[in-house]
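In what follows, a structure is listed as structure tokens, so that the remarks can point back to it.
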Amino acid sequence: MSHAPPTLDSLIAVEAAVVHCRRCPRLVAWREEIARTRRAQFRDQAYWGRPVPGFGDPDARLLVVGLAPAAHGANRTGRMFTGDRSGDWLYRALHRAGFANRAEAVARNDGLTLLDCMVTATVRCAPPANRPLPLEHANCRCYLAAELAHIRRVRVMVALGGVAWAQLLRVLDATGWRLPKPRPRFGHGAELELLRPVAQTPVLLIGSYHPSQQNTFTGTLTEEMFDRIWERARAVIAA
């Protein structure tokens, strides 16, 4: 299976393909069931209930890659990291670092704009237990590969969590990026210098713990730790 089908010849085409994707029956059934049953506190809201495309500035120099939409977050609102506590942490931090015009993300029409930044994920449908299957990861790689092909000014990528780190590296390796060997293991603040195909321009990959409730409630990830990631990204872009 090709990682960047020729039909995905623009970010608009990628977004349309993502939103209409039904390649993974388990994920289709799950996301649509969640959209039908809803959580009690959102009972009066219409859920998005479809795959979620990337969001942000198409000329971004910072690309943020998460794992997958949350069942009652992006699967409800239709925008990455919007409407859940992980998104609260992410957009507050991006705002503090100057990559977002506001610190809150509650709905697609809330006025949030990303500045020199795009947010996407390795899987575009909310998975049961937040755990996509290997085939579901494989089915989704073409969308991330196509986004990477069109975001030509990217200088820094931040992978949120070990799964996003590993899946992003698989996409990069399959699409001709030059990766050093041996590759460092994922860790908070881990860095990996990459070279873009053809142009051979350098891009820095930074690892960050995911701002999940499990990590933030236990202190595995603090706001100070998270801010250092975005400060590092800002410094690299500025240089």
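Chains: A, B, ... in order of the structure tokens. Residues: from 1 per chain. Ligands: from 1, in order shown.
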Counting only C-alpha atoms, which residues of segment 99-133 of chain A fall within 9 Å of segment 140-152 of chain A, and what is the closest atom pair for each with its distance in Å at one decimal, ordered by chain and rising number, as a Markdown table?
| residue | atom | partner | partner_atom | distance |
| --- | --- | --- | --- | --- |
| A:Met118 | CA | A:Ile151 | CA | 8.9 |
| A:Thr120 | CA | A:Leu144 | CA | 7.8 |
| A:Ala121 | CA | A:Leu144 | CA | 7.4 |
| A:Thr122 | CA | A:Leu144 | CA | 6.5 |
| A:Val123 | CA | A:Cys140 | CA | 5.6 |
| A:Arg124 | CA | A:Cys140 | CA | 7.1 |
Expected file: the selected residues, N, CA, C and O atoms, as a compact mmCIF listing (two decimals), in the first residue's frame:
# COMPACT_ATOMS: atom_id res chain seq x y z
N MET A 118 0.87 23.32 13.31
CA MET A 118 -0.20 22.42 12.88
C MET A 118 -0.24 21.23 13.82
O MET A 118 0.80 20.75 14.27
N THR A 120 -1.80 17.31 14.38
CA THR A 120 -2.38 16.17 13.69
C THR A 120 -2.21 14.92 14.57
O THR A 120 -1.86 15.03 15.75
N ALA A 121 -2.46 13.75 14.02
CA ALA A 121 -2.35 12.51 14.79
C ALA A 121 -2.01 11.35 13.88
O ALA A 121 -2.18 11.43 12.65
N THR A 122 -1.54 10.26 14.47
CA THR A 122 -1.19 9.09 13.68
C THR A 122 -2.40 8.28 13.28
O THR A 122 -2.38 7.59 12.26
N VAL A 123 -3.47 8.33 14.06
CA VAL A 123 -4.74 7.67 13.75
C VAL A 123 -5.84 8.71 13.87
O VAL A 123 -5.83 9.53 14.79
N ARG A 124 -6.81 8.70 12.94
CA ARG A 124 -7.77 9.80 12.85
C ARG A 124 -9.14 9.50 13.45
O ARG A 124 -9.98 10.39 13.51
Please provide as a list in words all residues within 9 Å of Arg76 of chain A, with the sequence filter that same-chain residues fewer than 5 positions apart are discarded (counting only C-alpha atoms).
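Returned residues: Ile34, Ala35, Arg38, Phe42, Gln45, Ala46, Tyr47, Trp48, Gly49, Arg50, Ala70, Ala71, Thr82, Gly83 and Ala107 of chain A.
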Using only C-alpha atoms, determine which residues lie at most 9 Å from Thr113 of chain A, disregarding the query and same-chain residues fewer than 5 positions distant; provide the list as a VMD selection string.
chain A and resid 56 to 57 99 to 102
Interatomic distance, atom CA of Leu115 of chain A to atom CA of Pro69 of chain A (Å, one decimal):
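So the two atoms, atom CA of Leu115 of chain A and atom CA of Pro69 of chain A, lie 21.3 Å apart.
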Report as number ranges by chain all protein, DNA and RNA residues lying within 8 Å of Cys21 of chain A, evaluated on only C-alpha atoms, omitting residues in the same chain fewer than 3 positions from it.
A: 17-18, 51
Write the residues of the selection above to a file with C-alpha atoms, as a CSV table (one decimal), in the first residue's frame.
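Once everything was written out, this is out.csv:
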chain,number,residue,atom,x,y,z
A,17,ALA,CA,-10.1,12.0,2.3
A,18,VAL,CA,-9.7,11.8,6.1
A,51,PRO,CA,-12.4,10.8,11.3
